[in-house]
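Student: Pasting upload-v8.pdb below, which is PDB, C-alpha atoms and all ligand atoms.
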ATOM      1  CA  MET A   1      -2.843  14.434  17.008
ATOM      2  CA  PHE A   2      -1.474  11.170  15.684
ATOM      3  CA  THR A   3      -3.430   9.514  12.893
ATOM      4  CA  THR A   4      -4.001   5.809  12.444
ATOM      5  CA  ARG A   5      -1.139   5.881   9.902
ATOM      6  CA  LEU A   6       1.161   7.275  12.610
ATOM      7  CA  THR A   7       1.480  10.685  11.025
ATOM      8  CA  VAL A   8       0.760  13.948  12.825
ATOM      9  CA  GLU A   9      -2.287  16.036  11.989
ATOM     10  CA  ILE A  10      -2.392  19.639  13.191
ATOM     11  CA  PRO A  11      -5.829  21.214  12.827
ATOM     12  CA  GLY A  12      -6.689  24.888  13.051
ATOM     13  CA  ILE A  13      -3.715  26.574  11.331
ATOM     14  CA  ALA A  14      -4.835  29.906   9.838
ATOM     15  CA  TYR A  15      -4.755  29.848   6.035
ATOM     16  CA  GLU A  16      -2.116  32.571   5.739
ATOM     17  CA  LYS A  17       0.123  30.748   8.185
ATOM     18  CA  ILE A  18       0.185  27.458   6.315
ATOM     19  CA  GLU A  19       3.196  28.285   4.125
ATOM     20  CA  PRO A  20       5.381  29.567   6.995
ATOM     21  CA  PHE A  21       4.326  26.602   9.088
ATOM     22  CA  MET A  22       5.379  24.165   6.353
ATOM     23  CA  ALA A  23       8.724  25.946   6.055
ATOM     24  CA  ALA A  24       9.247  25.672   9.816
ATOM     25  CA  VAL A  25       8.444  21.973   9.707
ATOM     26  CA  GLU A  26      10.945  21.433   6.897
ATOM     27  CA  GLU A  27      13.616  23.282   8.866
ATOM     28  CA  GLN A  28      13.235  20.640  11.554
ATOM     29  CA  GLY A  29      13.888  17.894   9.011
ATOM     30  CA  LEU A  30      10.258  16.775   8.959
ATOM     31  CA  GLU A  31       8.041  16.205   5.934
ATOM     32  CA  HIS A  32       4.507  17.294   5.242
ATOM     33  CA  GLY A  33       1.826  16.275   2.811
ATOM     34  CA  GLY A  34       0.669  12.744   3.599
ATOM     35  CA  THR A  35      -2.817  13.138   2.159
ATOM     36  CA  GLY A  36      -4.445  13.344  -1.259
ATOM     37  CA  PRO A  37      -4.883  10.851  -4.115
ATOM     38  CA  LYS A  38      -1.475   9.280  -3.824
ATOM     39  CA  VAL A  39       0.515   6.657  -1.948
ATOM     40  CA  ARG A  40      -0.120   7.322   1.744
ATOM     41  CA  PRO A  41       2.339   6.793   4.612
ATOM     42  CA  VAL A  42       3.028   3.102   5.078
ATOM     43  CA  VAL A  43       2.282   1.444   8.400
ATOM     44  CA  CYS A  44       3.558  -1.772   9.919
ATOM     45  CA  CYS A  45       3.153  -3.796  13.065
ATOM     46  CA  LYS A  46       6.007  -4.617  15.455
ATOM     47  CA  GLY A  47       6.643  -7.860  13.599
ATOM     48  CA  SER A  48      10.435  -7.385  13.639
ATOM     49  CA  THR A  49      10.465  -7.842  17.397
ATOM     50  CA  CYS A  50       7.152  -9.593  18.044
ATOM     51  CA  GLN A  51       7.337 -13.214  19.162
ATOM     52  CA  TYR A  52       4.950 -14.116  16.347
ATOM     53  CA  GLY A  53       6.632 -12.096  13.615
ATOM     54  CA  LEU A  54       7.639 -14.060  10.523
ATOM     55  CA  ILE A  55       9.172 -11.165   8.558
ATOM     56  CA  ASP A  56      11.195  -8.028   9.308
ATOM     57  CA  THR A  57       8.297  -5.585   9.092
ATOM     58  CA  TYR A  58      10.416  -2.533  10.036
ATOM     59  CA  SER A  59      12.953  -2.854   7.229
ATOM     60  CA  ILE A  60      10.319  -3.885   4.671
ATOM     61  CA  SER A  61       8.107  -0.908   5.482
ATOM     62  CA  GLU A  62      11.083   1.473   5.461
ATOM     63  CA  ARG A  63      11.953   0.232   2.014
ATOM     64  CA  ILE A  64       8.360   0.684   0.865
ATOM     65  CA  HIS A  65       8.324   4.164   2.429
ATOM     66  CA  GLU A  66      11.420   5.230   0.489
ATOM     67  CA  ARG A  67      10.480   3.669  -2.811
ATOM     68  CA  PHE A  68       6.751   4.299  -2.942
ATOM     69  CA  TYR A  69       5.743   6.955  -0.396
ATOM     70  CA  LYS A  70       8.673   9.240  -1.175
ATOM     71  CA  GLY A  71       9.455   7.924  -4.651
ATOM     72  CA  TYR A  72       5.861   8.238  -5.901
ATOM     73  CA  HIS A  73       5.004  11.407  -3.990
ATOM     74  CA  SER A  74       4.436  13.421  -7.155
ATOM     75  CA  VAL A  75       2.366  10.683  -8.825
ATOM     76  CA  ILE A  76      -1.376  11.423  -8.759
ATOM     77  CA  LEU A  77      -3.442   8.233  -8.517
ATOM     78  CA  PRO A  78      -7.215   7.760  -8.965
ATOM     79  CA  HIS A  79      -7.671   7.886  -5.169
ATOM     80  CA  LYS A  80      -5.689   7.414  -1.985
ATOM     81  CA  PHE A  81      -3.553   4.288  -1.816
ATOM     82  CA  LYS A  82      -2.630   2.645   1.471
ATOM     83  CA  ILE A  83       0.008   0.031   2.167
ATOM     84  CA  ALA A  84       0.445  -1.937   5.410
ATOM     85  CA  VAL A  85       2.973  -4.577   6.436
ATOM     86  CA  GLY A  86       2.027  -7.145   9.071
ATOM     87  CA  GLY A  87       4.316  -9.729  10.566
ATOM     88  CA  CYS A  88       1.957 -12.698  10.706
ATOM     89  CA  PRO A  89      -1.627 -13.805  10.049
ATOM     90  CA  ASN A  90      -2.769 -12.356  13.397
ATOM     91  CA  ASN A  91      -3.485  -9.243  11.335
ATOM     92  CA  CYS A  92      -2.802  -6.640  14.064
ATOM     93  CA  VAL A  93      -2.075  -3.819  11.577
ATOM     94  CA  LYS A  94      -4.807  -5.100   9.259
ATOM     95  CA  PRO A  95      -3.048  -5.591   5.923
ATOM     96  CA  THR A  96      -6.315  -7.069   4.667
ATOM     97  CA  LEU A  97      -7.932  -3.617   5.026
ATOM     98  CA  ASN A  98      -5.343  -1.723   2.970
ATOM     99  CA  ASP A  99      -5.094  -1.275  -0.795
ATOM    100  CA  VAL A 100      -1.979  -3.439  -0.628
ATOM    101  CA  GLY A 101      -1.445  -5.566   2.444
ATOM    102  CA  VAL A 102       1.704  -7.555   3.098
ATOM    103  CA  MET A 103       1.365 -10.350   5.634
ATOM    104  CA  GLY A 104       4.211 -12.478   6.964
ATOM    105  CA  TRP A 105       3.726 -16.117   6.084
ATOM    106  CA  LYS A 106       5.782 -19.262   6.312
ATOM    107  CA  GLY A 107       8.450 -18.915   3.610
ATOM    108  CA  GLY A 108       7.845 -15.233   2.824
ATOM    109  CA  CYS A 109       4.687 -13.180   2.662
ATOM    110  CA  LYS A 110       1.198 -13.151   1.294
ATOM    111  CA  VAL A 111      -0.060 -10.046  -0.502
ATOM    112  CA  PHE A 112      -3.666  -8.844  -0.294
ATOM    113  CA  LEU A 113      -5.174  -6.430  -2.778
ATOM    114  CA  GLY A 114      -8.144  -4.093  -2.565
ATOM    115  CA  GLY A 115      -8.818  -3.760   1.141
ATOM    116  CA  ARG A 116     -10.222  -0.551   2.614
ATOM    117  CA  TRP A 117     -11.760   0.545   5.873
ATOM    118  CA  GLY A 118     -14.051   3.416   6.777
ATOM    119  CA  LYS A 119     -17.538   4.447   5.718
ATOM    120  CA  LYS A 120     -17.263   1.714   3.112
ATOM    121  CA  TYR A 121     -15.100  -1.323   3.601
ATOM    122  CA  SER A 122     -13.746  -4.217   1.589
ATOM    123  CA  ILE A 123     -11.630  -7.163   2.650
ATOM    124  CA  GLY A 124      -8.524  -7.515   0.509
ATOM    125  CA  GLN A 125      -8.141 -10.659  -1.570
ATOM    126  CA  ALA A 126      -4.906 -12.644  -1.446
ATOM    127  CA  LEU A 127      -2.798 -13.237  -4.513
ATOM    128  CA  PRO A 128      -2.266 -16.978  -4.917
ATOM    129  CA  ARG A 129       1.511 -17.048  -4.370
ATOM    130  CA  ILE A 130       3.914 -16.625  -1.486
ATOM    131  CA  TYR A 131       6.365 -13.793  -2.256
ATOM    132  CA  ASP A 132       9.946 -13.198  -1.272
ATOM    133  CA  THR A 133      10.057 -10.055   0.908
ATOM    134  CA  GLY A 134      12.953  -8.482  -1.001
ATOM    135  CA  ASP A 135      13.051  -7.258  -4.582
ATOM    136  CA  GLU A 136      10.224  -9.566  -5.641
ATOM    137  CA  LEU A 137       7.820  -7.880  -3.223
ATOM    138  CA  MET A 138       8.978  -4.382  -4.180
ATOM    139  CA  GLU A 139       8.476  -5.100  -7.868
ATOM    140  CA  LEU A 140       5.028  -6.537  -7.200
ATOM    141  CA  ILE A 141       3.964  -3.441  -5.254
ATOM    142  CA  GLU A 142       5.260  -1.217  -8.030
ATOM    143  CA  LYS A 143       3.276  -3.208 -10.584
ATOM    144  CA  VAL A 144       0.127  -2.834  -8.478
ATOM    145  CA  ILE A 145       0.557   0.942  -8.263
ATOM    146  CA  LEU A 146       1.221   1.195 -12.004
ATOM    147  CA  PHE A 147      -1.790  -0.990 -12.742
ATOM    148  CA  TYR A 148      -3.997   1.219 -10.582
ATOM    149  CA  LYS A 149      -2.586   4.365 -12.164
ATOM    150  CA  GLU A 150      -3.345   3.035 -15.621
ATOM    151  CA  ASN A 151      -6.714   1.366 -15.004
ATOM    152  CA  GLY A 152      -8.380   3.082 -12.069
ATOM    153  CA  LYS A 153     -11.010   5.684 -12.820
ATOM    154  CA  PRO A 154     -10.765   9.087 -11.114
ATOM    155  CA  GLY A 155     -12.203   8.841  -7.595
ATOM    156  CA  GLU A 156     -12.319   5.037  -7.673
ATOM    157  CA  ARG A 157     -10.682   3.153  -4.803
ATOM    158  CA  PHE A 158      -8.615   0.155  -5.831
ATOM    159  CA  ALA A 159     -11.244  -2.199  -4.354
ATOM    160  CA  LEU A 160     -13.737  -0.909  -6.916
ATOM    161  CA  THR A 161     -11.235  -1.163  -9.768
ATOM    162  CA  ILE A 162     -10.788  -4.820  -8.826
ATOM    163  CA  ASP A 163     -14.558  -5.343  -8.641
ATOM    164  CA  ARG A 164     -15.027  -3.759 -12.040
ATOM    165  CA  MET A 165     -12.182  -5.634 -13.770
ATOM    166  CA  GLY A 166     -12.250  -8.924 -11.891
ATOM    167  CA  PHE A 167      -9.662 -10.090  -9.373
ATOM    168  CA  ASP A 168      -8.317 -12.857 -11.601
ATOM    169  CA  ASN A 169      -7.749 -10.382 -14.440
ATOM    170  CA  VAL A 170      -5.928  -8.013 -12.110
ATOM    171  CA  ALA A 171      -3.794 -10.860 -10.757
ATOM    172  CA  ALA A 172      -2.961 -11.979 -14.304
ATOM    173  CA  ALA A 173      -1.901  -8.451 -15.281
ATOM    174  CA  LEU A 174       0.569  -8.456 -12.396
ATOM    175  CA  GLU A 175       2.393 -11.489 -13.752
ATOM    176  CA  GLY A 176       5.409 -10.764 -15.936
ATOM    177  CA  ASN A 177       7.124  -7.411 -16.379
ATOM    178  CA  ASP A 178       4.888  -5.596 -18.842
ATOM    179  CA  LEU A 179       3.810  -2.936 -16.342
ATOM    180  CA  LEU A 180       7.390  -2.256 -15.239
ATOM    181  CA  THR A 181       8.706  -1.963 -18.774
ATOM    182  CA  ARG A 182       5.929   0.537 -19.535
ATOM    183  CA  LYS A 183       6.488   2.523 -16.325
ATOM    184  CA  GLU A 184       7.515   5.789 -18.031
ATOM    185  CA  GLU A 185       4.592   5.553 -20.428
ATOM    186  CA  ILE A 186       2.094   4.862 -17.607
ATOM    187  CA  LEU A 187       3.395   7.624 -15.339
ATOM    188  CA  GLY A 188       3.427  10.044 -18.244
ATOM    189  CA  LYS A 189      -0.312   9.663 -18.812
TER     190      LYS A 189
HETATM  191  S1  LIG A 201       0.463  -9.169  13.294
HETATM  192 FE1  LIG A 201       1.674 -10.853  14.186
HETATM  193  S2  LIG A 201       3.793 -10.111  14.151
HETATM  194 FE2  LIG A 201       2.464  -8.293  13.920
HETATM  195  S3  LIG A 201       2.179  -7.545  16.040
HETATM  196 FE3  LIG A 201       0.432  -8.899  15.547
HETATM  197  S4  LIG A 201       1.056 -10.896  16.374
HETATM  198 FE4  LIG A 201       2.927  -9.659  16.175
END
Output the structure of this file as structure tokens.

Tutor:
Amino acid sequence: MFTTRLTVEIPGIAYEKIEPFMAAVEEQGLEHGGTGPKVRPVVCCKGSTCQYGLIDTYSISERIHERFYKGYHSVILPHKFKIAVGGCPNNCVKPTLNDVGVMGWKGGCKVFLGGRWGKKYSIGQALPRIYDTGDELMELIEKVILFYKENGKPGERFALTIDRMGFDNVAAALEGNDLLTRKEEILGK
């Protein structure tokens, strides 16, 4: 079955067949392991081709996938961490309900922090600036992940980390390059 993050979930595999199944999947050039307390598969809307799209959601989400889903796959975070990229404020893919939500906006994108959806939900809060969708956005997302890695408590969703620390304090910590320059130190913790 396809999940809401557009990955495939296959229930009912016998325990002793899990390893051979994973090997068979790899042989087909597919990947496994999209769950756990880590960066989850990124989703986007069809903003690249949608008449309302303001940003190239496909290429942005592919870049996020490579750099943060694959690049941070071995990084254990306090809890799951979801990223969504939407092409405009119509919010079809619900960036405001992801830990980091990118939303196409006139002149670039807005970035929402701390959304989640499920048994408990929180609406993400927007950072005050408009961001360029290239390197500036990638560096911001990396700073958010590093901040969460360093400050989140085990089992705490990012929404709760923000509640505990205060949104303005979180936003202030994302200014400048301190988190990026301390990346090795933070990931080594
Ligand atoms: S969020 Fe905007 S760009 Fe994305 S599919 Fe909906 S209307 Fe189109």

Student: I'd like a table as JSON lines: residues in chain A with an atom no more than 12 Å from ligand LIG 201 (chain A), each row giving the shortest atom pair and its distance in Å to one decimal, only C-alpha atoms and all ligand atoms counted, sorted by chain and rising residue number.

Tutor:
{"residue": "A:Val43", "atom": "CA", "partner": "A:LIG201", "partner_atom": "FE2", "distance": 11.2}
{"residue": "A:Cys44", "atom": "CA", "partner": "A:LIG201", "partner_atom": "FE2", "distance": 7.7}
{"residue": "A:Cys45", "atom": "CA", "partner": "A:LIG201", "partner_atom": "FE2", "distance": 4.6}
{"residue": "A:Lys46", "atom": "CA", "partner": "A:LIG201", "partner_atom": "S3", "distance": 4.9}
{"residue": "A:Gly47", "atom": "CA", "partner": "A:LIG201", "partner_atom": "S2", "distance": 3.7}
{"residue": "A:Ser48", "atom": "CA", "partner": "A:LIG201", "partner_atom": "S2", "distance": 7.2}
{"residue": "A:Thr49", "atom": "CA", "partner": "A:LIG201", "partner_atom": "S2", "distance": 7.8}
{"residue": "A:Cys50", "atom": "CA", "partner": "A:LIG201", "partner_atom": "FE4", "distance": 4.6}
{"residue": "A:Gln51", "atom": "CA", "partner": "A:LIG201", "partner_atom": "FE4", "distance": 6.4}
{"residue": "A:Tyr52", "atom": "CA", "partner": "A:LIG201", "partner_atom": "S2", "distance": 4.7}
{"residue": "A:Gly53", "atom": "CA", "partner": "A:LIG201", "partner_atom": "S2", "distance": 3.5}
{"residue": "A:Leu54", "atom": "CA", "partner": "A:LIG201", "partner_atom": "S2", "distance": 6.6}
{"residue": "A:Ile55", "atom": "CA", "partner": "A:LIG201", "partner_atom": "S2", "distance": 7.8}
{"residue": "A:Asp56", "atom": "CA", "partner": "A:LIG201", "partner_atom": "S2", "distance": 9.1}
{"residue": "A:Thr57", "atom": "CA", "partner": "A:LIG201", "partner_atom": "FE2", "distance": 8.0}
{"residue": "A:Tyr58", "atom": "CA", "partner": "A:LIG201", "partner_atom": "FE2", "distance": 10.6}
{"residue": "A:Ala84", "atom": "CA", "partner": "A:LIG201", "partner_atom": "S1", "distance": 10.7}
{"residue": "A:Val85", "atom": "CA", "partner": "A:LIG201", "partner_atom": "FE2", "distance": 8.4}
{"residue": "A:Gly86", "atom": "CA", "partner": "A:LIG201", "partner_atom": "S1", "distance": 4.9}
{"residue": "A:Gly87", "atom": "CA", "partner": "A:LIG201", "partner_atom": "S2", "distance": 3.6}
{"residue": "A:Cys88", "atom": "CA", "partner": "A:LIG201", "partner_atom": "FE1", "distance": 3.9}
{"residue": "A:Pro89", "atom": "CA", "partner": "A:LIG201", "partner_atom": "S1", "distance": 6.0}
{"residue": "A:Asn90", "atom": "CA", "partner": "A:LIG201", "partner_atom": "S1", "distance": 4.5}
{"residue": "A:Asn91", "atom": "CA", "partner": "A:LIG201", "partner_atom": "S1", "distance": 4.4}
{"residue": "A:Cys92", "atom": "CA", "partner": "A:LIG201", "partner_atom": "S1", "distance": 4.2}
{"residue": "A:Val93", "atom": "CA", "partner": "A:LIG201", "partner_atom": "S1", "distance": 6.2}
{"residue": "A:Lys94", "atom": "CA", "partner": "A:LIG201", "partner_atom": "S1", "distance": 7.8}
{"residue": "A:Pro95", "atom": "CA", "partner": "A:LIG201", "partner_atom": "S1", "distance": 8.9}
{"residue": "A:Thr96", "atom": "CA", "partner": "A:LIG201", "partner_atom": "S1", "distance": 11.2}
{"residue": "A:Gly101", "atom": "CA", "partner": "A:LIG201", "partner_atom": "S1", "distance": 11.6}
{"residue": "A:Val102", "atom": "CA", "partner": "A:LIG201", "partner_atom": "S1", "distance": 10.4}
{"residue": "A:Met103", "atom": "CA", "partner": "A:LIG201", "partner_atom": "S1", "distance": 7.8}
{"residue": "A:Gly104", "atom": "CA", "partner": "A:LIG201", "partner_atom": "S2", "distance": 7.6}
{"residue": "A:Trp105", "atom": "CA", "partner": "A:LIG201", "partner_atom": "FE1", "distance": 9.9}
{"residue": "A:Cys109", "atom": "CA", "partner": "A:LIG201", "partner_atom": "S2", "distance": 11.9}

Student: Which protein, DNA or RNA residues have an atom at most 12 Å from (10.7, 0.7, -8.6), counting only C-alpha atoms? List them as an NGL selection string.

Tutor: :A and (63-72 or 135-146 or 177 or 179-184)

Student: Out of A:Arg116, A:Arg129, A:Lys82, A:His73, which residue has the shortest atom-to-atom distance to Leu160 of chain A when counting all atoms listed in the file?

Tutor: A:Arg116

Student: Calculated over all atoms listed in the file, which of the candidates A:Gly124, A:Gly134, A:Gly108, A:Pro154 has the smallest distance to Lys38 of chain A?

Tutor: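 Going through A:Gly124, A:Gly134, A:Gly108, A:Pro154 one by one, the smallest distance to Lys38 of chain A is for A:Pro154.
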
Student: Mind giving me the straight-line distance from atom CA of Gly118 of chain A to atom CA of Thr161 of chain A in Å, one decimal?

Tutor: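 Separation of atom CA of Gly118 of chain A and atom CA of Thr161 of chain A: 17.4 Å.
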
Student: Taking all atoms of segment 141-153 of chain A that appear in the file, build a box with edges along x, y and z, extend it by 8 Å on every side, and state its centre and edge lengths in Å to one decimal, as AutoDock Vina command-line options.

Tutor:
--center_x -2.9 --center_y 1.1 --center_z -10.4 --size_x 32.3 --size_y 25.1 --size_z 26.4

Student: When you draw a straight line from atom CA of Ser61 of chain A to atom CA of Leu127 of chain A, how long is it in Å?

Tutor: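 Rounded to one decimal, the two atoms are 19.3 Å apart.
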
Student: Hey, which of A:Phe81, A:Ile76, A:Asp132, A:Glu31 ends up closest to Lys106 of chain A? Count all atoms listed in the file.

Tutor: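 The answer is A:Asp132, which sits nearest to Lys106 of chain A.
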
Student: For atom CA of Arg157 of chain A and atom CA of Leu30 of chain A, quote the distance in Å rounded to one decimal.

Tutor: 28.5 Å

Student: Skip Gly34 of chain A itself and residues of its chain fewer than 4 positions away, then list as a ChimeraX atom specification all residues within 8 Å of it, counting all atoms listed in the file.

Tutor: /A:7,40-41

Student: Can you work out which one of A:Ile130, A:Pro11, A:Ile123, A:Gly188 has the shortest atom-to-atom distance to Asp163 of chain A, counting only C-alpha atoms?

Tutor: A:Ile123
